[in-house]
Structures are given as C-alpha cells and as structure tokens.
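Report on the structure given below.
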Amino acid sequence: MKRDERLTVGRILVVDDQPANVEVLARILKREGYRNVKSTNDPREALPLFTQFQPDLILLDLVMPHLDGVAVIELLRPHIPASAYLPILVLTADSTAEAKRRALSAGAKDFLAKPFDRTEVLLRIQNLLETRLLYRHLQGVNDTLEDEVAKRTRELQDARNETLQRLALAAERRDDDTGEHIRRVGALSALVAEAMELTGAQVELIGGAAPLHDVGKIGIPDGILLKPGKLQSEEFERMKTHSAIGADILAGSSVPVLRMAEEIALTHHERWDGTGYPYGLRAMEIPLSGRIVAVADVFDALTHERPYKEAWPVREAVEEIERQSERQFDPRVVEAFLAVREGVSGPEPDPETSRVASALLEKS
Ligand SMILES: [Fe+2]
C-alpha cells in the first residue's frame with residue numbers, strides 16, 4: 001500500500017498486556033516507516049506514558065489485567081483537551097458486543113480485530129493519523145487567527161484609549177496646557193480604586209475614564225474658566241454646568257470606558273453630605289466612580305498652583321481631605337486615599353504604589 005511520508009512521524013502508543021501482540025504491531029509499523037512508536041504491557045503505565053509521550057494515536061487492548069481498556073480511556077480522558085482530536089483504536093479478539101459498546105461510548109474511535117491483518121492495521125492507522133493531522137493543522141490555523149484577532153483588538157483598544165486621552169487634553173488645554181492634572185487624577189483614581197479592592201477591570205475603567213472628568217469645561221467661556229480671582233455667583237453657576245455638559249458630550253455610548261466617563265463627568269462634584277452639584281445626591285446615591293474621582297481631583301487641585309491660588313503643601317492637603325471625610329467625601333474613599341499615601345510614606349512602602357504616588361506628588 002502507498003505510504004504517506006507525513007504520517008510516519010505520528011506518535012503511536014500501544015497498550016496491550018500480551019507482549020506477542022505488541023511485537024507484531026511494532027514490526028508492522030516499523031517496516032512501514034513509523035518512527036515514533038512506544039508500547040507497554042502494563043495498562044497502569046498508560047497514563048504516565050501518555051503524559052510523557054503525547055501520542056497522536058493510541059492502540060489499546062480491551063481485555064487486560066488491573067485495568068481494562070475502558071478504564072484506561074476513562075483515566076486518560078481528563079488529560080485530553082476537549083478541542084483535541086485524539087483517536088483511540090481498540091484491539092479486540094473475541095470481545096462481546098457489550099464491551100465494544102462500552103469502548104465506543106467511552107471514546108474509542110474504531111476497532112482492530114486480532115489476529116492482526118497487516119493491510120487492515122496500516123489502513124486504519126493511516127486513516128486515523130490523517131484525521132489527527134488535519135485537526136492539528138486546523139488547530140494551528142485557529143491559534144494563528146486568534147492571535148491575530150487579539151493583536152487587532154489590542155491595537156483598537158490602544159487607539160481608543162489614545163483618542164480619549166487626546167479628547168481630555170483638548171478640553172483641558174486652556175487651563176492646563178501640559179495635561180498633567182488629568183493624567184495625575186487618572187492615576188490617583190486608579191490607585192484609590194485598587195486600594196478599595198475593586199476588580200482589575202474596574203480599576204482600569206476608572207483610571208481610563210477619570211481623565212475625562214472635566215471634559216465639559218470645553219463649554220465654559222474663557223472669561224470664567226481662566227478668571228484669576230474669585231468667581232461671582234452667576235459665574236460660578238455657569239462653571240457648575242461643566243458637569244452636565246461633560247456628561248452630554250459623553251452620553252449614549254455603548255463603550256464601557258465612555259459610560260464610566262459619563263458617570264464621572266456628571267457626579268465628580270457631588271458631595272457625601274448632599275450639598276454638591278448638579279443634583280445634590282447624598283452618600284451612596286453618588287456612584288462610587290464619582291466619589292473616588294472627587295477625592296483625587298480635589299487633592300490634585302489643592303497640591304498644584306491654579307490661576308486663583310497657590311499650591312498647598314501635601315501634608316496640609318491630606319489634612320484637608322481627612323477633614324472633609326463624611327462632609328465632602330465618602331469616608332471609605334478617604335480611607336483608601338490615605339492607604340495610598342501610606343504607600344509613599346509608610347514604613348515598608350509597596351514599590352509600585354510608591355513609584356506612582358511619588359510621581360503624583362513630586363511637584364508638591
Ligand atoms: Fe470638575
């Protein structure tokens with residue numbers, strides 16, 4: 001019969017308690033050019049051999065001492081990935097129909113009658129190895145496609161994140177031309193969210209969305225936004241509209257980070273005691289993202305110079321945040337903020353937290 005060279009590299013594992021059977025099979029296979037054949041006469045060796053050898057095809061006797069063929073299949077099954085096609089060819093002499101049915105339902109693919117007929121042995125093996133090879137090829141193609149999709153998805157995510165950052169920068173450009181404030185608020189919000197033990201995905205969402213908290217300032221006239229002195233009350237009322245304007249700009253998206261940004265833009269000036277704006281929400285009525293960004297935004301504003309004020313020393317800004325616990329801020333968020341600060345000044349600071357937090361505070 002015609003030999004397919006590609007198949008002869010296939011790894012074949014033979015499990016049969018009769019040494020004579022194994023010898024006959026080994027001889028037939030060797031003569032045909034199969035180079036990777038391993039065998040055992042002890043079914044208890046099947047699993048360790050399988051793990052070590054990773055066969056493409058198993059030739060398995062049904063009636064054996066210690067473990068019969070069906071038991072061996074059941075032992076191997078948890079080690080065969082659901083997506084893998086690993087053919088098992090059962091060797092039978094005079095097994096009952098019931099034994100064959102059990103072998104098939106356990107996962108055997110075909111039967112080979114003893115004593116072995118050389119042509120039949122080679123034909124069955126060739127067919128099963130061919131299918132196995134095709135499966136492996138398809139699996140390879142699928143893996144490549146999945147890698148490609150993952151790469152494209154990452155590129156899209158990067159592009160989206162960059163666009164969001166640039167939108168935030170555009171909105172902030174008139175009163176913070178370096179964009180440092182929004183970057184710091186994003187980073188500090190993520191650290192606080194992490195200290196509150198939110199999931200990694202939520203931390204990432206808050207960190208990515210927080211820089212957009214003041215995107216609504218785009219709708220505030222220069223005369224108010226850049227005014228060096230204190231705002232008149234009607235000017236302040238106008239300034240307050242930046243929350244709703246920001247939420248409007250971001251509204252209606254199905255993208256999670258934009259939905260989060262909308263929530264933050266709308267609620268980052270709400271206060272725990274209910275005296276904030278735009279709605280005067282109170283305590284837990286305020287979304288957690290808004291409560292977190294409120295602390296990060298105020299801390300960063302206090303510790304940096306603005307047209308109307310000097311930068312506060314960090315210690316005084318921290319004291320102010322603590323004072324505002326349960327007034328302006330959620331006490332749990334303040335606690336998490338203080339834990340992040342501990343990361344900078346504590347006895348054994350976590351190096352990563354320290355690095356980010358130090359960078360946040362370096363200008364203070
Ligand atoms: Fe704001």
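All residue names refer to the structure tokens as shown: chains lettered A, B, ... in order, residues numbered from 1 in each chain, ligands numbered from 1 in order.
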Selection as a PyMOL selection string: residues within 7 Å of ligand 1 by only C-alpha atoms and all ligand atoms: chain A and resi 213-214+242-243+268-269
I want to know what sits within 9 Å of segment 96-100 of chain A, based on only C-alpha atoms, with residues of the same chain fewer than 3 positions away left out; could you give that as an mmCIF file with all heavy atoms, in the first residue's frame?
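Result file is out.cif:
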data_model
loop_
_atom_site.group_PDB
_atom_site.id
_atom_site.type_symbol
_atom_site.label_atom_id
_atom_site.label_comp_id
_atom_site.auth_asym_id
_atom_site.auth_seq_id
_atom_site.Cartn_x
_atom_site.Cartn_y
_atom_site.Cartn_z
ATOM 1 N N LEU A 62 -8.486 -4.257 24.883
ATOM 2 C CA LEU A 62 -9.688 -4.070 25.706
ATOM 3 C C LEU A 62 -9.626 -4.919 26.977
ATOM 4 O O LEU A 62 -9.934 -4.438 28.066
ATOM 5 C CB LEU A 62 -10.922 -4.430 24.876
ATOM 6 C CG LEU A 62 -12.203 -3.672 25.208
ATOM 7 C CD1 LEU A 62 -11.973 -2.179 25.291
ATOM 8 C CD2 LEU A 62 -13.283 -4.006 24.204
ATOM 9 N N VAL A 70 -11.415 0.120 28.736
ATOM 10 C CA VAL A 70 -12.371 1.200 29.013
ATOM 11 C C VAL A 70 -11.883 2.038 30.188
ATOM 12 O O VAL A 70 -11.944 3.276 30.168
ATOM 13 C CB VAL A 70 -13.780 0.619 29.294
ATOM 14 C CG1 VAL A 70 -14.740 1.702 29.758
ATOM 15 C CG2 VAL A 70 -14.318 -0.060 28.038
ATOM 16 N N VAL A 90 -9.208 0.506 19.341
ATOM 17 C CA VAL A 90 -9.285 -0.598 20.302
ATOM 18 C C VAL A 90 -8.961 -1.928 19.623
ATOM 19 O O VAL A 90 -9.459 -2.218 18.536
ATOM 20 C CB VAL A 90 -10.683 -0.617 20.960
ATOM 21 C CG1 VAL A 90 -10.912 -1.922 21.697
ATOM 22 C CG2 VAL A 90 -10.810 0.567 21.902
ATOM 23 N N THR A 92 -9.258 -5.858 19.582
ATOM 24 C CA THR A 92 -10.166 -6.845 20.163
ATOM 25 C C THR A 92 -9.957 -8.219 19.535
ATOM 26 O O THR A 92 -9.650 -8.325 18.349
ATOM 27 C CB THR A 92 -11.643 -6.463 19.932
ATOM 28 O OG1 THR A 92 -11.862 -6.381 18.531
ATOM 29 C CG2 THR A 92 -11.991 -5.178 20.614
ATOM 30 N N ALA A 103 -16.659 0.507 24.996
ATOM 31 C CA ALA A 103 -15.441 1.144 24.491
ATOM 32 C C ALA A 103 -15.795 2.334 23.599
ATOM 33 O O ALA A 103 -15.203 3.407 23.698
ATOM 34 C CB ALA A 103 -14.602 0.143 23.720
ATOM 35 N N LEU A 104 -16.794 2.151 22.752
ATOM 36 C CA LEU A 104 -17.197 3.238 21.851
ATOM 37 C C LEU A 104 -17.743 4.415 22.639
ATOM 38 O O LEU A 104 -17.414 5.567 22.375
ATOM 39 C CB LEU A 104 -18.272 2.744 20.864
ATOM 40 C CG LEU A 104 -17.747 2.035 19.616
ATOM 41 C CD1 LEU A 104 -18.923 1.570 18.756
ATOM 42 C CD2 LEU A 104 -16.843 2.952 18.795
ATOM 43 N N SER A 105 -18.609 4.111 23.628
ATOM 44 C CA SER A 105 -19.215 5.224 24.358
ATOM 45 C C SER A 105 -18.180 5.887 25.274
ATOM 46 O O SER A 105 -18.324 7.052 25.631
ATOM 47 C CB SER A 105 -20.473 4.793 25.121
ATOM 48 O OG SER A 105 -20.106 3.920 26.150
ATOM 49 N N ALA A 108 -13.651 5.412 22.238
ATOM 50 C CA ALA A 108 -12.845 4.742 21.211
ATOM 51 C C ALA A 108 -13.365 5.147 19.827
ATOM 52 O O ALA A 108 -14.557 5.412 19.667
ATOM 53 C CB ALA A 108 -12.944 3.237 21.387
ATOM 54 N N PHE A 111 -12.204 -0.173 15.855
ATOM 55 C CA PHE A 111 -11.727 -1.457 16.369
ATOM 56 C C PHE A 111 -10.788 -2.107 15.377
ATOM 57 O O PHE A 111 -10.885 -1.877 14.183
ATOM 58 C CB PHE A 111 -12.916 -2.407 16.605
ATOM 59 C CG PHE A 111 -13.842 -1.907 17.645
ATOM 60 C CD1 PHE A 111 -14.977 -1.196 17.295
ATOM 61 C CD2 PHE A 111 -13.569 -2.132 18.988
ATOM 62 C CE1 PHE A 111 -15.825 -0.705 18.256
ATOM 63 C CE2 PHE A 111 -14.422 -1.652 19.953
ATOM 64 C CZ PHE A 111 -15.561 -0.942 19.591
#
Need the shell around segment 151-160 of chain A: protein/DNA/RNA residues with any atom at most 12 Å away, counting only C-alpha atoms. Skip same-chain ones fewer than 2 positions apart. Format as a ChimeraX atom specification? /A:144-149,162-167,208-209,255-258
Output N, CA, C and O atoms for every residue in the selection just made, as a short mmCIF file (atom, residue, chain, number, x, y, z; two decimals), in the first residue's frame.
data_model
loop_
_atom_site.label_atom_id
_atom_site.label_comp_id
_atom_site.auth_asym_id
_atom_site.auth_seq_id
_atom_site.Cartn_x
_atom_site.Cartn_y
_atom_site.Cartn_z
N THR A 144 -3.43 30.81 15.13
CA THR A 144 -2.87 31.98 14.45
C THR A 144 -3.95 33.05 14.30
O THR A 144 -3.70 34.24 14.53
N LEU A 145 -5.15 32.61 13.90
CA LEU A 145 -6.25 33.58 13.73
C LEU A 145 -6.58 34.25 15.05
O LEU A 145 -6.78 35.47 15.11
N GLU A 146 -6.61 33.45 16.12
CA GLU A 146 -6.93 34.02 17.44
C GLU A 146 -5.87 35.04 17.86
O GLU A 146 -6.20 36.10 18.38
N ASP A 147 -4.60 34.70 17.60
CA ASP A 147 -3.52 35.65 17.92
C ASP A 147 -3.71 36.95 17.15
O ASP A 147 -3.53 38.04 17.69
N GLU A 148 -4.07 36.79 15.88
CA GLU A 148 -4.25 37.97 15.02
C GLU A 148 -5.41 38.83 15.53
O GLU A 148 -5.29 40.05 15.63
N VAL A 149 -6.52 38.16 15.89
CA VAL A 149 -7.68 38.90 16.42
C VAL A 149 -7.30 39.61 17.72
O VAL A 149 -7.63 40.79 17.92
N GLU A 162 -6.05 56.21 23.31
CA GLU A 162 -5.29 57.40 22.92
C GLU A 162 -6.25 58.51 22.51
O GLU A 162 -6.06 59.68 22.86
N THR A 163 -7.31 58.15 21.78
CA THR A 163 -8.29 59.16 21.36
C THR A 163 -8.93 59.80 22.59
O THR A 163 -9.12 61.03 22.63
N LEU A 164 -9.26 58.96 23.58
CA LEU A 164 -9.87 59.50 24.80
C LEU A 164 -8.91 60.46 25.50
O LEU A 164 -9.31 61.53 25.95
N GLN A 165 -7.64 60.06 25.60
CA GLN A 165 -6.64 60.92 26.24
C GLN A 165 -6.56 62.26 25.51
O GLN A 165 -6.49 63.32 26.12
N ARG A 166 -6.60 62.18 24.18
CA ARG A 166 -6.46 63.42 23.40
C ARG A 166 -7.70 64.30 23.54
O ARG A 166 -7.60 65.53 23.54
N LEU A 167 -8.87 63.65 23.64
CA LEU A 167 -10.10 64.43 23.87
C LEU A 167 -10.01 65.15 25.22
O LEU A 167 -10.32 66.33 25.34
N GLY A 208 -8.98 54.87 33.30
CA GLY A 208 -9.08 55.34 31.91
C GLY A 208 -10.10 56.44 31.73
O GLY A 208 -9.96 57.31 30.87
N ALA A 209 -11.16 56.42 32.56
CA ALA A 209 -12.26 57.37 32.38
C ALA A 209 -12.04 58.66 33.17
O ALA A 209 -12.49 59.73 32.75
N VAL A 255 -19.67 51.94 24.80
CA VAL A 255 -18.31 51.56 25.21
C VAL A 255 -18.16 51.75 26.73
O VAL A 255 -18.41 52.85 27.23
N PRO A 256 -17.81 50.69 27.46
CA PRO A 256 -17.78 50.78 28.92
C PRO A 256 -16.99 51.98 29.47
O PRO A 256 -17.46 52.65 30.39
N VAL A 257 -15.81 52.25 28.91
CA VAL A 257 -14.99 53.32 29.47
C VAL A 257 -15.67 54.68 29.26
O VAL A 257 -15.56 55.58 30.11
N LEU A 258 -16.42 54.83 28.17
CA LEU A 258 -17.13 56.09 27.93
C LEU A 258 -18.35 56.22 28.84
O LEU A 258 -18.68 57.31 29.29
#
Determine which residues of segment 36-220 of chain A DSSP labels as strand (DSSP E or B) from the backbone of this structure, then write them out as a PyMOL selection string. chain A and resi 36-40+57-61+88-92+110-113
Export of prior selection with N, CA, C and O atoms as an mmCIF file, in the first residue's frame:
data_model
loop_
_atom_site.group_PDB
_atom_site.id
_atom_site.type_symbol
_atom_site.label_atom_id
_atom_site.label_comp_id
_atom_site.auth_asym_id
_atom_site.auth_seq_id
_atom_site.Cartn_x
_atom_site.Cartn_y
_atom_site.Cartn_z
ATOM 1 N N ASN A 36 7.970 6.779 15.464
ATOM 2 C CA ASN A 36 7.697 7.154 16.856
ATOM 3 C C ASN A 36 6.643 6.246 17.462
ATOM 4 O O ASN A 36 5.473 6.598 17.538
ATOM 5 N N VAL A 37 7.083 5.062 17.856
ATOM 6 C CA VAL A 37 6.154 4.100 18.448
ATOM 7 C C VAL A 37 6.650 3.755 19.850
ATOM 8 O O VAL A 37 7.827 3.443 20.033
ATOM 9 N N LYS A 38 5.765 3.845 20.822
ATOM 10 C CA LYS A 38 6.101 3.417 22.175
ATOM 11 C C LYS A 38 5.043 2.419 22.616
ATOM 12 O O LYS A 38 3.887 2.496 22.192
ATOM 13 N N SER A 39 5.445 1.493 23.500
ATOM 14 C CA SER A 39 4.460 0.490 23.910
ATOM 15 C C SER A 39 4.669 0.092 25.360
ATOM 16 O O SER A 39 5.738 0.299 25.931
ATOM 17 N N THR A 40 3.594 -0.493 25.919
ATOM 18 C CA THR A 40 3.698 -1.052 27.268
ATOM 19 C C THR A 40 2.771 -2.264 27.379
ATOM 20 O O THR A 40 1.731 -2.322 26.718
ATOM 21 N N LEU A 57 -1.929 8.905 18.382
ATOM 22 C CA LEU A 57 -2.850 7.774 18.208
ATOM 23 C C LEU A 57 -2.547 6.746 19.296
ATOM 24 O O LEU A 57 -1.388 6.503 19.615
ATOM 25 N N ILE A 58 -3.628 6.148 19.852
ATOM 26 C CA ILE A 58 -3.415 5.111 20.865
ATOM 27 C C ILE A 58 -4.034 3.805 20.376
ATOM 28 O O ILE A 58 -5.199 3.787 19.957
ATOM 29 N N LEU A 59 -3.245 2.731 20.400
ATOM 30 C CA LEU A 59 -3.756 1.398 20.104
ATOM 31 C C LEU A 59 -3.911 0.707 21.451
ATOM 32 O O LEU A 59 -2.936 0.537 22.179
ATOM 33 N N LEU A 60 -5.144 0.325 21.773
ATOM 34 C CA LEU A 60 -5.438 -0.075 23.145
ATOM 35 C C LEU A 60 -6.176 -1.409 23.195
ATOM 36 O O LEU A 60 -7.233 -1.571 22.579
ATOM 37 N N ASP A 61 -5.595 -2.334 23.936
ATOM 38 C CA ASP A 61 -6.243 -3.632 24.149
ATOM 39 C C ASP A 61 -7.439 -3.425 25.078
ATOM 40 O O ASP A 61 -7.429 -2.532 25.933
ATOM 41 N N ILE A 88 -8.442 6.822 19.473
ATOM 42 C CA ILE A 88 -8.089 5.591 20.192
ATOM 43 C C ILE A 88 -8.642 4.411 19.394
ATOM 44 O O ILE A 88 -9.832 4.367 19.084
ATOM 45 N N LEU A 89 -7.725 3.526 19.048
ATOM 46 C CA LEU A 89 -8.096 2.352 18.237
ATOM 47 C C LEU A 89 -8.047 1.137 19.162
ATOM 48 O O LEU A 89 -6.998 0.820 19.715
ATOM 49 N N VAL A 90 -9.208 0.506 19.341
ATOM 50 C CA VAL A 90 -9.285 -0.598 20.302
ATOM 51 C C VAL A 90 -8.961 -1.928 19.623
ATOM 52 O O VAL A 90 -9.459 -2.218 18.536
ATOM 53 N N LEU A 91 -8.073 -2.704 20.281
ATOM 54 C CA LEU A 91 -7.674 -4.008 19.748
ATOM 55 C C LEU A 91 -8.540 -5.082 20.390
ATOM 56 O O LEU A 91 -8.585 -5.168 21.621
ATOM 57 N N THR A 92 -9.258 -5.858 19.582
ATOM 58 C CA THR A 92 -10.166 -6.845 20.163
ATOM 59 C C THR A 92 -9.957 -8.219 19.535
ATOM 60 O O THR A 92 -9.650 -8.325 18.349
ATOM 61 N N ASP A 110 -12.414 3.350 16.812
ATOM 62 C CA ASP A 110 -12.541 2.244 15.865
ATOM 63 C C ASP A 110 -12.012 0.963 16.523
ATOM 64 O O ASP A 110 -11.430 1.019 17.601
ATOM 65 N N PHE A 111 -12.204 -0.173 15.855
ATOM 66 C CA PHE A 111 -11.727 -1.457 16.369
ATOM 67 C C PHE A 111 -10.788 -2.107 15.377
ATOM 68 O O PHE A 111 -10.885 -1.877 14.183
ATOM 69 N N LEU A 112 -9.891 -2.905 15.943
ATOM 70 C CA LEU A 112 -8.972 -3.662 15.102
ATOM 71 C C LEU A 112 -8.995 -5.106 15.605
ATOM 72 O O LEU A 112 -8.726 -5.362 16.777
ATOM 73 N N ALA A 113 -9.346 -6.036 14.695
ATOM 74 C CA ALA A 113 -9.517 -7.425 15.130
ATOM 75 C C ALA A 113 -8.176 -8.147 15.237
ATOM 76 O O ALA A 113 -7.287 -7.926 14.421
#
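Proximity ranking of A:Gly200, A:Pro307, A:Asp143, A:Arg101 relative to Leu231 of chain A places A:Pro307 first, based on only C-alpha atoms.
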For a quick check of understanding, using only C-alpha atoms, which of A:Val9, A:Val15, A:Ile218, A:Ala193 has the smallest distance to Gly290 of chain A? A:Ala193
Give me, as a VMD selection string, all polymer residues having an atom no more than 8 Å from segment 72-76 of chain A, counting only C-alpha atoms and skipping those fewer than 6 positions away in the same chain. chain A and resid 43 to 44 46 to 47 50 106 to 108
Save the residues we just selected, N, CA, C and O atoms, as a PDB file, in the first residue's frame?
ATOM      1  N   PRO A  43      -1.162  -1.845  31.644  1.00  0.00           N
ATOM      2  CA  PRO A  43      -2.116  -0.738  31.446  1.00  0.00           C
ATOM      3  C   PRO A  43      -1.953   0.386  32.476  1.00  0.00           C
ATOM      4  O   PRO A  43      -2.331   1.514  32.228  1.00  0.00           O
ATOM      5  N   ARG A  44      -1.351   0.065  33.636  1.00  0.00           N
ATOM      6  CA  ARG A  44      -1.149   1.099  34.656  1.00  0.00           C
ATOM      7  C   ARG A  44      -0.073   2.098  34.228  1.00  0.00           C
ATOM      8  O   ARG A  44       0.053   3.174  34.796  1.00  0.00           O
ATOM      9  N   ALA A  46      -0.117   3.314  31.222  1.00  0.00           N
ATOM     10  CA  ALA A  46      -0.677   4.066  30.084  1.00  0.00           C
ATOM     11  C   ALA A  46      -0.676   5.572  30.342  1.00  0.00           C
ATOM     12  O   ALA A  46      -0.245   6.361  29.485  1.00  0.00           O
ATOM     13  N   LEU A  47      -1.130   5.981  31.518  1.00  0.00           N
ATOM     14  CA  LEU A  47      -1.249   7.421  31.795  1.00  0.00           C
ATOM     15  C   LEU A  47       0.111   8.128  31.844  1.00  0.00           C
ATOM     16  O   LEU A  47       0.302   9.137  31.158  1.00  0.00           O
ATOM     17  N   PHE A  50       1.446   8.306  28.399  1.00  0.00           N
ATOM     18  CA  PHE A  50       0.649   9.257  27.609  1.00  0.00           C
ATOM     19  C   PHE A  50       1.125  10.688  27.883  1.00  0.00           C
ATOM     20  O   PHE A  50       1.349  11.474  26.968  1.00  0.00           O
ATOM     21  N   ALA A 106     -17.099   5.159  25.630  1.00  0.00           N
ATOM     22  CA  ALA A 106     -16.040   5.792  26.427  1.00  0.00           C
ATOM     23  C   ALA A 106     -15.178   6.701  25.565  1.00  0.00           C
ATOM     24  O   ALA A 106     -14.450   7.542  26.081  1.00  0.00           O
ATOM     25  N   GLY A 107     -15.229   6.523  24.234  1.00  0.00           N
ATOM     26  CA  GLY A 107     -14.471   7.444  23.376  1.00  0.00           C
ATOM     27  C   GLY A 107     -13.572   6.760  22.364  1.00  0.00           C
ATOM     28  O   GLY A 107     -12.799   7.438  21.683  1.00  0.00           O
ATOM     29  N   ALA A 108     -13.651   5.412  22.238  1.00  0.00           N
ATOM     30  CA  ALA A 108     -12.845   4.742  21.211  1.00  0.00           C
ATOM     31  C   ALA A 108     -13.365   5.147  19.827  1.00  0.00           C
ATOM     32  O   ALA A 108     -14.557   5.412  19.667  1.00  0.00           O
TER      33      ALA A 108
END
Please provide as a PyMOL selection string all residues within 12 Å of Val293 of chain A, with the sequence filter that same-chain residues fewer than 5 positions apart are discarded (counting only C-alpha atoms). chain A and resi 182+184-193+203+206-214+260-261+263-271+286-288+298-301+329-330+333-334+337
What's the 12 Å shell around Leu134 of chain A, counting only C-alpha atoms, without same-chain residues fewer than 4 positions away, as a PyMOL selection string? chain A and resi 6-7+56+84-86+127-130+138-141
Only all heavy atoms, please: the residues just picked out, written as a tab-separated table (two decimals), in the first residue's frame.
chain	number	residue	atom	x	y	z
A	6	ARG	N	4.28	11.90	5.48
A	6	ARG	CA	3.97	12.85	6.55
A	6	ARG	C	3.40	12.14	7.79
A	6	ARG	O	3.54	12.61	8.90
A	6	ARG	CB	2.93	13.89	6.07
A	6	ARG	CG	3.48	14.89	5.08
A	6	ARG	CD	2.34	15.64	4.46
A	6	ARG	NE	1.30	14.72	4.02
A	6	ARG	CZ	0.03	15.03	3.85
A	6	ARG	NH1	-0.39	16.24	4.11
A	6	ARG	NH2	-0.84	14.14	3.43
A	7	LEU	N	2.77	10.98	7.53
A	7	LEU	CA	2.13	10.30	8.65
A	7	LEU	C	3.12	9.53	9.52
A	7	LEU	O	2.86	9.27	10.69
A	7	LEU	CB	1.06	9.32	8.13
A	7	LEU	CG	-0.10	9.95	7.37
A	7	LEU	CD1	-1.09	8.88	6.99
A	7	LEU	CD2	-0.78	11.02	8.20
A	56	ASP	N	-0.18	10.74	19.10
A	56	ASP	CA	-1.21	11.19	18.16
A	56	ASP	C	-2.27	10.12	17.97
A	56	ASP	O	-3.34	10.40	17.43
A	56	ASP	CB	-0.56	11.49	16.80
A	56	ASP	CG	0.40	12.65	16.90
A	56	ASP	OD1	-0.03	13.73	17.35
A	56	ASP	OD2	1.59	12.49	16.54
A	84	ALA	N	-9.17	18.80	21.30
A	84	ALA	CA	-8.20	17.97	20.58
A	84	ALA	C	-8.88	16.70	20.07
A	84	ALA	O	-9.76	16.15	20.72
A	84	ALA	CB	-7.06	17.60	21.51
A	85	TYR	N	-8.47	16.27	18.90
A	85	TYR	CA	-8.96	15.00	18.38
A	85	TYR	C	-7.86	13.99	18.58
A	85	TYR	O	-6.83	14.05	17.90
A	85	TYR	CB	-9.32	15.16	16.91
A	85	TYR	CG	-9.66	13.86	16.23
A	85	TYR	CD1	-10.95	13.33	16.29
A	85	TYR	CD2	-8.68	13.15	15.53
A	85	TYR	CE1	-11.25	12.13	15.67
A	85	TYR	CE2	-8.97	11.95	14.91
A	85	TYR	CZ	-10.26	11.43	14.99
A	85	TYR	OH	-10.56	10.25	14.38
A	86	LEU	N	-8.04	13.09	19.57
A	86	LEU	CA	-7.01	12.08	19.81
A	86	LEU	C	-7.64	10.70	19.60
A	86	LEU	O	-8.40	10.21	20.45
A	86	LEU	CB	-6.47	12.18	21.24
A	86	LEU	CG	-5.44	11.09	21.54
A	86	LEU	CD1	-4.18	11.29	20.71
A	86	LEU	CD2	-5.12	11.04	23.00
A	127	ASN	N	-5.67	6.15	8.30
A	127	ASN	CA	-6.89	6.98	8.29
A	127	ASN	C	-6.98	7.85	9.55
A	127	ASN	O	-7.26	9.04	9.49
A	127	ASN	CB	-8.14	6.10	8.22
A	127	ASN	CG	-8.34	5.58	6.80
A	127	ASN	OD1	-7.75	6.12	5.86
A	127	ASN	ND2	-9.14	4.54	6.66
A	128	LEU	N	-6.74	7.21	10.70
A	128	LEU	CA	-6.89	7.95	11.95
A	128	LEU	C	-5.81	9.01	12.10
A	128	LEU	O	-6.07	10.12	12.57
A	128	LEU	CB	-6.87	6.98	13.14
A	128	LEU	CG	-8.13	6.11	13.25
A	128	LEU	CD1	-7.97	5.06	14.34
A	128	LEU	CD2	-9.36	6.96	13.53
A	129	LEU	N	-4.59	8.67	11.69
A	129	LEU	CA	-3.50	9.66	11.80
A	129	LEU	C	-3.74	10.84	10.86
A	129	LEU	O	-3.43	11.98	11.20
A	129	LEU	CB	-2.15	9.01	11.47
A	129	LEU	CG	-1.46	8.30	12.63
A	129	LEU	CD1	-0.13	7.71	12.17
A	129	LEU	CD2	-1.22	9.24	13.81
A	130	GLU	N	-4.30	10.54	9.70
A	130	GLU	CA	-4.60	11.60	8.73
A	130	GLU	C	-5.58	12.60	9.33
A	130	GLU	O	-5.39	13.80	9.26
A	130	GLU	CB	-5.22	10.98	7.47
A	130	GLU	CG	-4.69	11.57	6.20
A	130	GLU	CD	-4.94	10.61	5.03
A	130	GLU	OE1	-6.05	10.02	4.97
A	130	GLU	OE2	-4.03	10.43	4.23
A	138	LEU	N	-5.62	22.40	11.54
A	138	LEU	CA	-6.71	23.37	11.74
A	138	LEU	C	-6.54	24.13	13.05
A	138	LEU	O	-6.75	25.33	13.13
A	138	LEU	CB	-8.05	22.64	11.78
A	138	LEU	CG	-8.70	22.40	10.43
A	138	LEU	CD1	-10.01	21.65	10.62
A	138	LEU	CD2	-8.96	23.74	9.73
A	139	GLN	N	-6.12	23.38	14.07
A	139	GLN	CA	-5.89	23.98	15.39
A	139	GLN	C	-4.83	25.08	15.27
A	139	GLN	O	-4.98	26.17	15.82
A	139	GLN	CB	-5.39	22.91	16.36
A	139	GLN	CG	-5.49	23.31	17.82
A	139	GLN	CD	-6.84	22.91	18.39
A	139	GLN	OE1	-7.22	21.75	18.26
A	139	GLN	NE2	-7.54	23.83	18.98
A	140	GLY	N	-3.78	24.77	14.51
A	140	GLY	CA	-2.71	25.75	14.30
A	140	GLY	C	-3.23	26.99	13.60
A	140	GLY	O	-2.93	28.12	13.99
A	141	VAL	N	-4.07	26.77	12.57
A	141	VAL	CA	-4.64	27.90	11.83
A	141	VAL	C	-5.52	28.73	12.77
A	141	VAL	O	-5.45	29.96	12.80
A	141	VAL	CB	-5.48	27.39	10.63
A	141	VAL	CG1	-6.25	28.52	9.98
A	141	VAL	CG2	-4.57	26.72	9.61
Contact table segment 119-145 of chain A vs segment 31-34 of chain A, cut-off 12 Å, shortest pair per residue, only C-alpha atoms, as JSON lines:
{"residue": "A:Thr119", "atom": "CA", "partner": "A:Glu32", "partner_atom": "CA", "distance": 10.6}
{"residue": "A:Val121", "atom": "CA", "partner": "A:Glu32", "partner_atom": "CA", "distance": 10.9}
{"residue": "A:Leu122", "atom": "CA", "partner": "A:Glu32", "partner_atom": "CA", "distance": 8.2}
{"residue": "A:Leu123", "atom": "CA", "partner": "A:Glu32", "partner_atom": "CA", "distance": 11.2}
{"residue": "A:Ile125", "atom": "CA", "partner": "A:Tyr34", "partner_atom": "CA", "distance": 10.5}
{"residue": "A:Gln126", "atom": "CA", "partner": "A:Tyr34", "partner_atom": "CA", "distance": 10.5}
{"residue": "A:Leu129", "atom": "CA", "partner": "A:Tyr34", "partner_atom": "CA", "distance": 11.3}
May I ask for the distance between atom CA of Glu23 of chain A and atom CA of Asp117 of chain A, given in Å to one decimal place? 13.7 Å
